[in-house]
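Only one structure is covered here, and it is reproduced in the block below.
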Amino acid sequence: MKHVPAAWLWAGLVGVFAVTLLASLATGPTHLPWSGLLKHLVTGPSDDLQGLILWQIRIPRTLLALCVGALLAVCGVLIQGLFRNPLAEPGLMGVSSGATLMVVVVLVLASNLPNTLPVALRPFLLPLVAFGGGLAATRLVMLIGQSSHYSPLRLILAGVAFNMVAAAGIGLCAYLATNEQLRTLTFWSLGSFAAASWSGVAITAAVLAIIAPLAYRQWRPLNALLLGESECRHLGFDVPALKRRIVYLSAAGVGAAVAFTGIIGFIGLVVPHIVRMLTGADHRRLLPLSLALGALLTLWADWLARSVLSPAELPVGIITSLLGGPFFIYLIHRQRGRLS
Amino acid sequence: MTLRADQLTLSLLPGQPVLTDVSIAVAPGKITALIGQNGAGKSTLLKALSGELTPERGMVSLHAKPIRDWPGQDRARLLSVLPQQHALNFEFRVEEVVALGRYPHGTGHQRDRQIVQEALALCDLSPFSKRSIDDISGGERQRVHLARVLAQIWESQPEGPCFLLLDEPTTGMDLSHQQALFKAVQHFARREVGILLVVHDLNLAARYADRVVLMHQGHIAEQGTPDEVFKADTLQRYFDLAVTVLRHPRHDCPLIIPD
């Protein structure tokens, strides 16, 4: 397939971004007319209804979708590079299920825990628990998958085993949960940006600002790793250290994303793929373009989630899975020759 | 100033040594061919020399310094390795794969680009440079990886001569490209690069190698010039095959013909 020059892709992305951003801000149960939208954007936060909707709901939600989408796509690139498998995704390492399991355990088995905390800290409890769960799961998977070095296949198998155990734990908690708790569990397992707040935006943006440049600095060793671990070593890179860095970066990225929005599948899988099809596998182009396309696709998915059944809204994870599933099948079909 | 292994013993499984007491020196400016039956320990010796496998006993040193003590990038500027198999599941362009060979160097984009183009030309790959690695044949892919490892040691280094380890580099190549590969390797040997290659075609080894090392069951059974090693009784003993050794009518080297 002929590759598209990266500059063209960037130009297209910027144009589509601008339109999508405005559409995302204008869409919701309360329609914001374009004139009012632009006025409130220029004048800043205000106390009238439109201003409050825009500045307290729509903008944080849009920004959260952008940051989370970017994080998931960058982590997808890292994990696919680590496993040298274009069909890998962050969920394989148990990050998402570890984060969800911890949240579910706190919600169902320690439902009084939030009440023991100062009011100011309560909104951060579940995100922190999710983040911790994600990191702990990754560490555990790495321990199980460790042999003389971190073999990708052993890591995948350890991840699969962990995901099964986590699913059993989540199922058990769902069985024990009350009706009200079940609704919250649904939010975590299907993903949503409905609870977006400025504090969530600040934290995910900060994590993105740290992870994205650190990930980008790895573009050369990531390219070399695609040749194989021996070749990567022969090209002068410290492979075990590289693999550790990739695992921790992606655990932190996915943990932060899951912490505020629950599990949103397929972005980390599909986005790097689309970019690779368009510009090739070089991580120097792949990482920044995936970051941008991940943000954009997630914003589209959230816009769809809000528009399809408006004024009600669907969990965004349903949209991404619904679109991502068939695309995944297409990828498997396309990869048939290479996977055999 | 060599790449050398001294009295290496190495096991891949406990109690089953693949190499026993192996010593070898790869001399700068010379082509050394490593021959032997399948499972003789040739690839394992290459991996030990590159520092990828650590021996239980003995030591590998590069320019008199243990290979393990070299910082990765410094070692990669001096020692380039072509493994037996390549698994690239991603769509790289041919020139991007060759450019990977320049990663250990800080020679700048312009110079790297020039070297990549020269390496592509040397391996007869210039027309394919923009093609995806998926869209070329197995033999062409092997040449792409050869161009990559050559690009890695393209220029001489202040620390001393460079070394090139090639594990069955002619796999999948047609006859003319096999010859072209050895001519390219000779070209590097003339620039003081020390070359060690595992090869199964004994006639290629006879024609191009300065030294031949014959391995058998994890030991070095014979070593010397092609004339010293390629004798009918030696080959019959270690390859379990009756051969006739003649003189090559055009080149002054042995010509081995299985009976």
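A note on labels: chains of the structure tokens are A, B, ... as shown, every chain counts residues from 1, and ligands are counted from 1 in their shown order.
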Quiz item: Which residues, written as a PyMOL selection string, have at least one atom at most 10 Å from Phe128 of chain B, with only C-alpha atoms counted and residues fewer than 5 positions away on the same chain left out?
Solution: chain B and resi 93-95+120+133+135-136+140+144
Deliver the residues from the most recent selection as a file, using N, CA and C atoms, as a short mmCIF file (atom, residue, chain, number, x, y, z; two decimals), in the first residue's frame.
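Ended up saving to result-v5.cif:
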data_model
loop_
_atom_site.label_atom_id
_atom_site.label_comp_id
_atom_site.auth_asym_id
_atom_site.auth_seq_id
_atom_site.Cartn_x
_atom_site.Cartn_y
_atom_site.Cartn_z
N ARG B 93 9.66 0.25 5.06
CA ARG B 93 10.22 0.33 3.71
C ARG B 93 11.65 -0.19 3.76
N VAL B 94 12.13 -0.68 2.60
CA VAL B 94 13.47 -1.27 2.53
C VAL B 94 14.51 -0.29 3.09
N GLU B 95 14.45 0.98 2.67
CA GLU B 95 15.49 1.93 3.11
C GLU B 95 15.36 2.22 4.62
N LEU B 120 22.61 0.20 0.00
CA LEU B 120 21.56 -0.35 -0.87
C LEU B 120 22.14 -0.67 -2.25
N ILE B 133 8.96 -3.94 2.84
CA ILE B 133 9.74 -5.17 3.04
C ILE B 133 8.86 -6.40 2.80
N ASP B 135 6.78 -6.69 0.34
CA ASP B 135 6.50 -6.87 -1.08
C ASP B 135 7.70 -7.38 -1.87
N ILE B 136 8.75 -7.87 -1.18
CA ILE B 136 9.91 -8.38 -1.90
C ILE B 136 10.13 -9.85 -1.52
N GLU B 140 15.66 -11.36 -1.44
CA GLU B 140 15.84 -9.90 -1.44
C GLU B 140 15.81 -9.36 -0.02
N VAL B 144 18.44 -7.15 2.19
CA VAL B 144 18.12 -5.92 2.91
C VAL B 144 18.78 -5.95 4.30
#
Please report, as a tab-separated table, each residue of chain B lying at most 6 Å from chain A, together with the nearest pair of atoms and the separation in Å rounded to one decimal; use only C-alpha atoms, and order rows by chain and ascending residue number.
residue	atom	partner	partner_atom	distance
B:Gly72	CA	A:Gly236	CA	4.1
B:Gln73	CA	A:Gly236	CA	4.1
B:Ala76	CA	A:Gly236	CA	4.9
B:Leu88	CA	A:Leu227	CA	5.4
B:Glu91	CA	A:Ala281	CA	5.6
B:Phe92	CA	A:Ala281	CA	5.6
Writing out the chosen residues with all heavy atoms as a short mmCIF file (atom, residue, chain, number, x, y, z; two decimals), in the first residue's frame:
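Produced file again-v1.cif, reproduced below:
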data_model
loop_
_atom_site.label_atom_id
_atom_site.label_comp_id
_atom_site.auth_asym_id
_atom_site.auth_seq_id
_atom_site.Cartn_x
_atom_site.Cartn_y
_atom_site.Cartn_z
N GLY B 72 26.56 -0.65 25.32
CA GLY B 72 25.86 -1.19 24.16
C GLY B 72 26.14 -0.43 22.87
O GLY B 72 26.46 -1.03 21.84
N GLN B 73 26.04 0.88 22.93
CA GLN B 73 26.16 1.66 21.70
C GLN B 73 27.59 1.62 21.15
O GLN B 73 27.80 1.51 19.94
CB GLN B 73 25.76 3.10 21.98
CG GLN B 73 25.00 3.70 20.82
CD GLN B 73 24.56 5.11 21.11
OE1 GLN B 73 24.55 5.55 22.27
NE2 GLN B 73 24.21 5.84 20.08
N ALA B 76 28.07 -1.64 19.51
CA ALA B 76 27.34 -1.74 18.24
C ALA B 76 28.03 -0.98 17.12
O ALA B 76 27.82 -1.28 15.95
CB ALA B 76 25.91 -1.23 18.43
N LEU B 88 10.02 -9.78 10.97
CA LEU B 88 9.58 -8.38 10.97
C LEU B 88 8.10 -8.38 10.61
O LEU B 88 7.74 -8.59 9.46
CB LEU B 88 10.41 -7.58 9.96
CG LEU B 88 10.28 -6.07 10.00
CD1 LEU B 88 10.52 -5.53 11.40
CD2 LEU B 88 11.26 -5.42 9.04
N GLU B 91 5.18 -3.21 8.59
CA GLU B 91 5.45 -2.73 7.24
C GLU B 91 6.50 -1.62 7.23
O GLU B 91 6.16 -0.45 7.36
CB GLU B 91 4.16 -2.21 6.63
CG GLU B 91 3.73 -2.99 5.41
CD GLU B 91 2.48 -2.43 4.80
OE1 GLU B 91 2.54 -1.33 4.25
OE2 GLU B 91 1.43 -3.10 4.90
N PHE B 92 7.77 -1.99 7.10
CA PHE B 92 8.82 -1.00 6.93
C PHE B 92 9.19 -0.93 5.46
O PHE B 92 9.09 -1.92 4.74
CB PHE B 92 10.07 -1.43 7.70
CG PHE B 92 10.10 -0.97 9.12
CD1 PHE B 92 9.90 -1.85 10.16
CD2 PHE B 92 10.35 0.36 9.41
CE1 PHE B 92 9.94 -1.42 11.47
CE2 PHE B 92 10.40 0.79 10.72
CZ PHE B 92 10.18 -0.09 11.75
#
Quiz item: In Å to one decimal, how far is atom CA of Phe187 of chain A from atom CA of Pro315 of chain A?
Solution: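 One can read the atom CA of Pro315 of chain A to atom CA of Phe187 of chain A distance as 7.1 Å.
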Neighbour list for Arg111 of chain B as a compact mmCIF listing (two decimals) with C-alpha atoms, in the first residue's frame, cut-off 12 Å, only C-alpha atoms, skip fewer than 5 positions in-chain:
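Result saved to out.txt:
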# COMPACT_ATOMS: atom_id res chain seq x y z
CA ALA B 99 18.69 2.97 8.13
CA ARG B 102 22.91 3.72 11.50
CA HIS B 105 26.11 6.30 15.17
CA GLY B 106 25.67 10.00 15.68
CA VAL B 116 22.10 3.92 3.43
CA GLN B 117 21.98 4.67 -0.31
CA GLU B 118 25.52 3.30 -0.79
CA ALA B 151 25.62 0.13 7.03
CA TRP B 154 30.38 1.32 7.08
CA GLU B 155 32.99 3.66 8.48
Quiz prompt | Residue with smallest distance to Arg306 of chain A - pool A:Ala206, A:Ile267, A:Ile318, A:Ala215, counting only C-alpha atoms | solution = A:Ile318
Quiz prompt | Straight-line distance linking atom CA of Val245 of chain B with atom CA of Met215 of chain B, stated in Å to one decimal | solution =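 According to the coordinates, atom CA of Val245 of chain B and atom CA of Met215 of chain B are separated by 19.3 Å.
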Segment 59-108 of chain B: which residues are strand (DSSP E) by DSSP, as a JSON list (two decimals) with N, CA and C atoms, in the first residue's frame?
[["chain", "number", "residue", "atom", "x", "y", "z"],
["B", 59, "MET", "N", 36.09, -16.50, 28.22],
["B", 59, "MET", "CA", 35.78, -15.09, 28.07],
["B", 59, "MET", "C", 35.81, -14.68, 26.60],
["B", 60, "VAL", "N", 34.92, -13.74, 26.27],
["B", 60, "VAL", "CA", 34.94, -13.14, 24.94],
["B", 60, "VAL", "C", 35.43, -11.71, 25.11],
["B", 61, "SER", "N", 36.37, -11.30, 24.28],
["B", 61, "SER", "CA", 36.84, -9.92, 24.41],
["B", 61, "SER", "C", 36.90, -9.25, 23.04],
["B", 62, "LEU", "N", 36.63, -7.95, 23.07],
["B", 62, "LEU", "CA", 36.69, -7.13, 21.87],
["B", 62, "LEU", "C", 37.73, -6.05, 22.14],
["B", 65, "LYS", "N", 39.05, -5.95, 25.70],
["B", 65, "LYS", "CA", 38.16, -5.60, 26.81],
["B", 65, "LYS", "C", 36.99, -6.59, 26.78],
["B", 66, "PRO", "N", 36.61, -7.19, 27.94],
["B", 66, "PRO", "CA", 35.51, -8.17, 27.92],
["B", 66, "PRO", "C", 34.28, -7.59, 27.23],
["B", 79, "LEU", "N", 30.78, -3.77, 16.23],
["B", 79, "LEU", "CA", 30.43, -5.16, 16.00],
["B", 79, "LEU", "C", 29.01, -5.25, 15.46],
["B", 80, "SER", "N", 28.90, -5.77, 14.25],
["B", 80, "SER", "CA", 27.60, -5.86, 13.58],
["B", 80, "SER", "C", 27.28, -7.33, 13.36],
["B", 81, "VAL", "N", 26.04, -7.72, 13.61],
["B", 81, "VAL", "CA", 25.68, -9.14, 13.59],
["B", 81, "VAL", "C", 24.45, -9.39, 12.73],
["B", 82, "LEU", "N", 24.55, -10.34, 11.83],
["B", 82, "LEU", "CA", 23.39, -10.75, 11.04],
["B", 82, "LEU", "C", 22.93, -12.11, 11.53]]
Quiz item: Can you tell me, as JSON, numbers by chain, what residues are no more than 6 Å from Leu19 of chain B when counting only C-alpha atoms, ignoring any on the same chain fewer than 4 positions away?
Solution: {"B": [9, 10, 218]}
Quiz item: Neighbours of Leu146 of chain B within 12 Å (only C-alpha atoms; same-chain residues fewer than 2 positions away dropped), as a PyMOL selection string?
Solution: chain B and resi 80-86+94+97-101+116+119-125+139-144+148-154+164-171+173+177-178+180-182+184-185
Take the selection from the previous step and output its residues with C-alpha atoms, as a short mmCIF file (atom, residue, chain, number, x, y, z; two decimals), in the first residue's frame.
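See result-v4.cif below for the written result:
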data_model
loop_
_atom_site.label_atom_id
_atom_site.label_comp_id
_atom_site.auth_asym_id
_atom_site.auth_seq_id
_atom_site.Cartn_x
_atom_site.Cartn_y
_atom_site.Cartn_z
CA SER B 80 27.60 -5.86 13.58
CA VAL B 81 25.68 -9.14 13.59
CA LEU B 82 23.39 -10.75 11.04
CA PRO B 83 21.34 -13.49 12.74
CA GLN B 84 20.00 -16.54 10.98
CA GLN B 85 16.33 -15.59 11.03
CA HIS B 86 14.44 -12.36 10.81
CA VAL B 94 13.47 -1.27 2.53
CA VAL B 97 15.27 -1.17 7.56
CA VAL B 98 18.76 -0.36 6.26
CA ALA B 99 18.69 2.97 8.13
CA LEU B 100 18.28 1.01 11.41
CA GLY B 101 21.95 0.08 10.97
CA VAL B 116 22.10 3.92 3.43
CA ALA B 119 24.72 0.14 1.20
CA LEU B 120 21.56 -0.35 -0.87
CA ALA B 121 23.56 0.02 -4.07
CA LEU B 122 26.25 -2.40 -2.88
CA CYS B 123 23.58 -5.03 -2.19
CA ASP B 124 21.87 -4.40 -5.53
CA LEU B 125 18.76 -3.03 -3.82
CA GLY B 139 16.28 -13.63 -0.90
CA GLU B 140 15.84 -9.90 -1.44
CA ARG B 141 14.82 -9.51 2.20
CA GLN B 142 18.00 -11.30 3.25
CA ARG B 143 19.97 -8.76 1.18
CA VAL B 144 18.12 -5.92 2.91
CA ARG B 148 21.60 -3.05 7.27
CA VAL B 149 24.49 -4.79 9.04
CA LEU B 150 26.97 -3.41 6.48
CA ALA B 151 25.62 0.13 7.03
CA GLN B 152 26.29 -0.41 10.74
CA ILE B 153 30.07 -0.82 10.21
CA TRP B 154 30.38 1.32 7.08
CA LEU B 164 31.05 -8.48 11.17
CA LEU B 165 29.41 -11.76 12.22
CA LEU B 166 27.13 -13.35 9.63
CA ASP B 167 25.05 -16.45 10.35
CA GLU B 168 24.25 -18.24 7.09
CA PRO B 169 24.02 -15.00 5.11
CA THR B 170 23.43 -16.69 1.75
CA THR B 171 20.15 -18.35 2.81
CA MET B 173 19.90 -16.06 -2.27
CA HIS B 177 23.80 -12.79 -5.33
CA GLN B 178 25.70 -15.36 -3.25
CA ALA B 180 27.97 -10.73 -4.92
CA LEU B 181 27.60 -11.12 -1.14
CA PHE B 182 31.08 -12.59 -0.81
CA ALA B 184 30.91 -7.26 -0.80
CA VAL B 185 32.32 -9.03 2.25
#
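When atom CA of Tyr208 of chain B is paired with atom CA of Lys42 of chain B, their separation reads 18.6 Å.
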Self-check item: Non-local contacts of Asn38 of chain B (10 Å; only C-alpha atoms; under 3 positions in same chain excluded) as a PyMOL selection string
Solution: chain B and resi 35+41-43+200+215-217+239
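Excluding Arg207 of chain B and any residue on its chain fewer than 4 positions from it, the residues at most 12 Å away by only C-alpha atoms are Ile31, Thr32, Ala33, Gln179, Phe182, Lys183, Gln186, Asp201, Leu202, Asn203, Arg211, Val212, Thr225, Pro226, Asp227, Phe230, Arg247, His248, Pro249, Arg250, His251, Asp252, Cys253, Pro254, Leu255 and Ile256 of chain B.
For the choices A:Leu140, A:Val19, A:Val104, A:Leu135, the atom-to-atom distance to Leu176 of chain A is smallest for A:Val104 when using only C-alpha atoms.
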